[in-house]
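Here's the structure we're looking at; comments come further down.
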Amino acid sequence: MKDIDDSKAPLLDHLIELRSRLLKCVVALFLGFVLCFTFSEQLFAILVHPLREAFGAGQGKLVYTKLYEAFFVQVKVAFFGAFFLSFPIIANQLWAFVAPGLYAKEKKALLPFILATPILFMLGASLAYFIVMPTAFHFFLQFQGDSSGIEMEALPSADAYLGLVMQFILAFGISFLMPVLLMLLNRAGIVSRAQLVGMRRYMIVISFIIAAIFTPPDVVSQLMLALPLVLLYEITLLAIWFTDRKARSEEQSLAPQDQAS
């Protein structure tokens, strides 16, 4: 009976620590939401900037068709900003919970991937904000004007526009994490570089399928996501080749020492 009680104690300690870590994540997210809600209009102005540039100076407008829509747009903007603001704290808390259970070698192996995750996400989000969205919005607004004798004018709602912007940023940011996932699978021995090379043609098709699902149904946006994904896949293959080569050289350098001992 005593052995059973002793085995429960470490599990209970882990659950208590997990609850503490999650509580800190929730508090960080809540404080980030309060701060971002205070500056929600300024944050929304940043998100609207690509559309404003596409319309041109003094042109275009956003509408809302429900009385509460403008308020909930600010709430969504605040949550969106709070996620980015609190992400470093949330990632740090998760790492602090997992790290004690890892060996020093495992920590050293995982650290580059943890550092690369926010960098790659921001690269994807920046590509969406600075290049893809302005290009896509210019393309969409070209359909304004006279069409078959009927005047067409773009009057996007604030909620629909915010949803489109969030879709762009999250789709590109998450998709750019593909190298981290593939490198981790390779490190874990689940897939080899040879297998990934053999899957190249399938990954090209999958990249276009992902682009078709997570971007608006226009060719321009889909190409702007699919082509970087294909390029990232090739860069990942190159990175795995370097890491495999380095691992083999380390094994060869340790082999004579093992024989000598």
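Ligands are numbered from 1 in the order shown, chains are lettered A, B, ... in the order of the structure tokens, and residues start at 1 in each chain.
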DSSP on the backbone, strand (DSSP E) only: what residues of region 98-174 of chain A does that give? Format it as a tab-separated table (two decimals) with C-alpha atoms, in the first residue's frame.
chain	number	residue	atom	x	y	z
A	145	GLY	CA	-16.50	49.26	-61.61
A	146	ASP	CA	-19.00	48.69	-64.39
A	147	SER	CA	-19.79	45.03	-65.02
A	150	ILE	CA	-24.12	47.19	-63.25
A	151	GLU	CA	-21.86	49.21	-60.98
A	152	MET	CA	-19.90	46.97	-58.59
(request) Name the residues in contact with region 53-67 of chain A at a cut-off of 7 Å, using only C-alpha atoms, excluding same-chain residues fewer than 6 positions from it; report them as a list in words. (result)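 Returned residues: Pro134, Phe137, His138, Leu155, Pro156, Ser157 and Ala158 of chain A.
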Selection to disk with C-alpha atoms, as a PDB file, in the first residue's frame:
ATOM      1  CA  PRO A 134      -1.487  43.759 -50.483  1.00  0.00           C
ATOM      2  CA  PHE A 137      -6.348  42.907 -52.098  1.00  0.00           C
ATOM      3  CA  HIS A 138      -5.212  44.738 -55.237  1.00  0.00           C
ATOM      4  CA  LEU A 155     -17.966  47.153 -49.325  1.00  0.00           C
ATOM      5  CA  PRO A 156     -16.285  44.596 -47.036  1.00  0.00           C
ATOM      6  CA  SER A 157     -17.615  44.243 -43.511  1.00  0.00           C
ATOM      7  CA  ALA A 158     -15.222  44.782 -40.628  1.00  0.00           C
TER       8      ALA A 158
END
Contacts of Thr117 (chain A) at 10 Å or less, counting only C-alpha atoms, minus same-chain residues fewer than 3 places along, as a short mmCIF file (atom, residue, chain, number, x, y, z; two decimals) with N, CA and C atoms, in the first residue's frame?
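Written output follows (result-v5.cif):
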data_model
loop_
_atom_site.label_atom_id
_atom_site.label_comp_id
_atom_site.auth_asym_id
_atom_site.auth_seq_id
_atom_site.Cartn_x
_atom_site.Cartn_y
_atom_site.Cartn_z
N PRO A 112 17.33 24.50 -30.39
CA PRO A 112 17.27 25.20 -31.69
C PRO A 112 15.87 25.21 -32.30
N PHE A 113 15.12 24.12 -32.12
CA PHE A 113 13.78 24.06 -32.67
C PHE A 113 12.83 25.02 -31.94
N ILE A 114 13.01 25.13 -30.62
CA ILE A 114 12.19 26.06 -29.84
C ILE A 114 12.46 27.50 -30.25
N LEU A 120 10.26 31.41 -37.45
CA LEU A 120 9.61 30.96 -38.68
C LEU A 120 8.16 31.42 -38.75
N PHE A 121 7.47 31.40 -37.60
CA PHE A 121 6.08 31.87 -37.59
C PHE A 121 6.01 33.33 -37.99
N MET A 122 6.90 34.16 -37.44
CA MET A 122 6.89 35.58 -37.76
C MET A 122 7.29 35.82 -39.22
N LEU A 123 8.17 34.99 -39.76
CA LEU A 123 8.52 35.11 -41.18
C LEU A 123 7.30 34.86 -42.06
N GLY A 173 1.79 31.72 -41.06
CA GLY A 173 2.65 31.52 -39.90
C GLY A 173 2.77 30.05 -39.53
N ILE A 174 1.65 29.34 -39.47
CA ILE A 174 1.68 27.92 -39.10
C ILE A 174 2.32 27.08 -40.19
N PHE A 176 4.68 27.87 -42.13
CA PHE A 176 6.12 28.06 -42.13
C PHE A 176 6.81 27.27 -41.01
N LEU A 177 6.03 26.60 -40.16
CA LEU A 177 6.60 25.74 -39.12
C LEU A 177 6.89 24.34 -39.64
N MET A 178 6.59 24.08 -40.91
CA MET A 178 6.83 22.76 -41.49
C MET A 178 8.27 22.29 -41.32
N PRO A 179 9.30 23.13 -41.54
CA PRO A 179 10.68 22.65 -41.34
C PRO A 179 10.94 22.15 -39.93
N VAL A 180 10.37 22.82 -38.92
CA VAL A 180 10.56 22.38 -37.54
C VAL A 180 9.97 21.00 -37.34
N LEU A 181 8.76 20.76 -37.87
CA LEU A 181 8.10 19.46 -37.73
C LEU A 181 8.91 18.37 -38.42
#
(message) as number ranges by chain, please: the residues near Gly32 (chain A) (cut-off 7 Å, only C-alpha atoms, same-chain neighbours under 5 positions excluded).
(response) A: 82, 85-86
Those selected residues, please, written with C-alpha atoms and delivered as a PDB file, in the first residue's frame.
ATOM      1  CA  ALA A  82      -2.888  38.945 -26.853  1.00  0.00           C
ATOM      2  CA  LEU A  85       2.012  39.195 -26.920  1.00  0.00           C
ATOM      3  CA  SER A  86       1.736  36.296 -24.476  1.00  0.00           C
TER       4      SER A  86
END
(request) Within 9 Å of region 42-44 of chain A, counting only C-alpha atoms, which residues show up once you throw out same-chain ones fewer than 6 positions away? Write them as number ranges by chain, please. (result) A: 36, 73-74, 77-78, 81, 162
With N, CA and C atoms retained, write the just-selected residues as a CSV table (one decimal), in the first residue's frame.
chain,number,residue,atom,x,y,z
A,36,CYS,N,-4.2,44.8,-25.0
A,36,CYS,CA,-4.5,44.9,-26.4
A,36,CYS,C,-5.9,45.5,-26.7
A,73,VAL,N,-15.5,42.9,-33.1
A,73,VAL,CA,-14.3,43.1,-33.9
A,73,VAL,C,-13.1,43.5,-33.0
A,74,GLN,N,-13.4,44.5,-32.2
A,74,GLN,CA,-12.4,44.9,-31.2
A,74,GLN,C,-12.0,43.8,-30.3
A,77,VAL,N,-9.8,41.4,-32.2
A,77,VAL,CA,-8.4,42.0,-32.4
A,77,VAL,C,-7.6,41.9,-31.1
A,78,ALA,N,-8.3,42.2,-30.0
A,78,ALA,CA,-7.6,42.1,-28.7
A,78,ALA,C,-7.1,40.7,-28.4
A,81,GLY,N,-4.1,40.0,-30.8
A,81,GLY,CA,-2.9,40.6,-30.3
A,81,GLY,C,-2.4,40.0,-29.0
A,162,LEU,N,-11.5,41.2,-40.9
A,162,LEU,CA,-10.7,40.7,-39.9
A,162,LEU,C,-10.5,39.2,-40.0
(request) Can you pull out every residue within 7 Å of region 230-236 of chain A, counting only C-alpha atoms, but drop anything in the same chain fewer than 3 positions away, and send it as a list in words? (result)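 The residues satisfying every condition are Pro179, Ile204, Ser207, Ala226, Leu227, Ala239 and Ile240 of chain A.
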Selection export as a PDB file, in the first residue's frame, atoms kept: C-alpha atoms:
ATOM      1  CA  PRO A 179      10.685  22.653 -41.345  1.00  0.00           C
ATOM      2  CA  ILE A 204       4.469  19.446 -53.743  1.00  0.00           C
ATOM      3  CA  SER A 207       1.607  22.094 -50.461  1.00  0.00           C
ATOM      4  CA  ALA A 226       2.360  26.899 -52.035  1.00  0.00           C
ATOM      5  CA  LEU A 227       5.634  28.062 -53.596  1.00  0.00           C
ATOM      6  CA  ALA A 239      19.390  21.162 -43.439  1.00  0.00           C
ATOM      7  CA  ILE A 240      18.834  17.462 -42.683  1.00  0.00           C
TER       8      ILE A 240
END
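The list of residues with at least one atom within 10 Å of Ile131 (chain A), based on only C-alpha atoms and without residues fewer than 6 positions apart in the same chain, reads A:Pro50, A:Ala125, A:Met224.
Nearest residue to Val48 (chain A) among A:Gly124, A:Pro216, A:Gly189, A:Gly163 is A:Gly163, counting only C-alpha atoms.
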(request) Would you please work out which residue, of A:Leu185, A:Leu12, A:Leu51, A:Leu238, is nearest to Leu110 (chain A) when using only C-alpha atoms? (result) A:Leu185
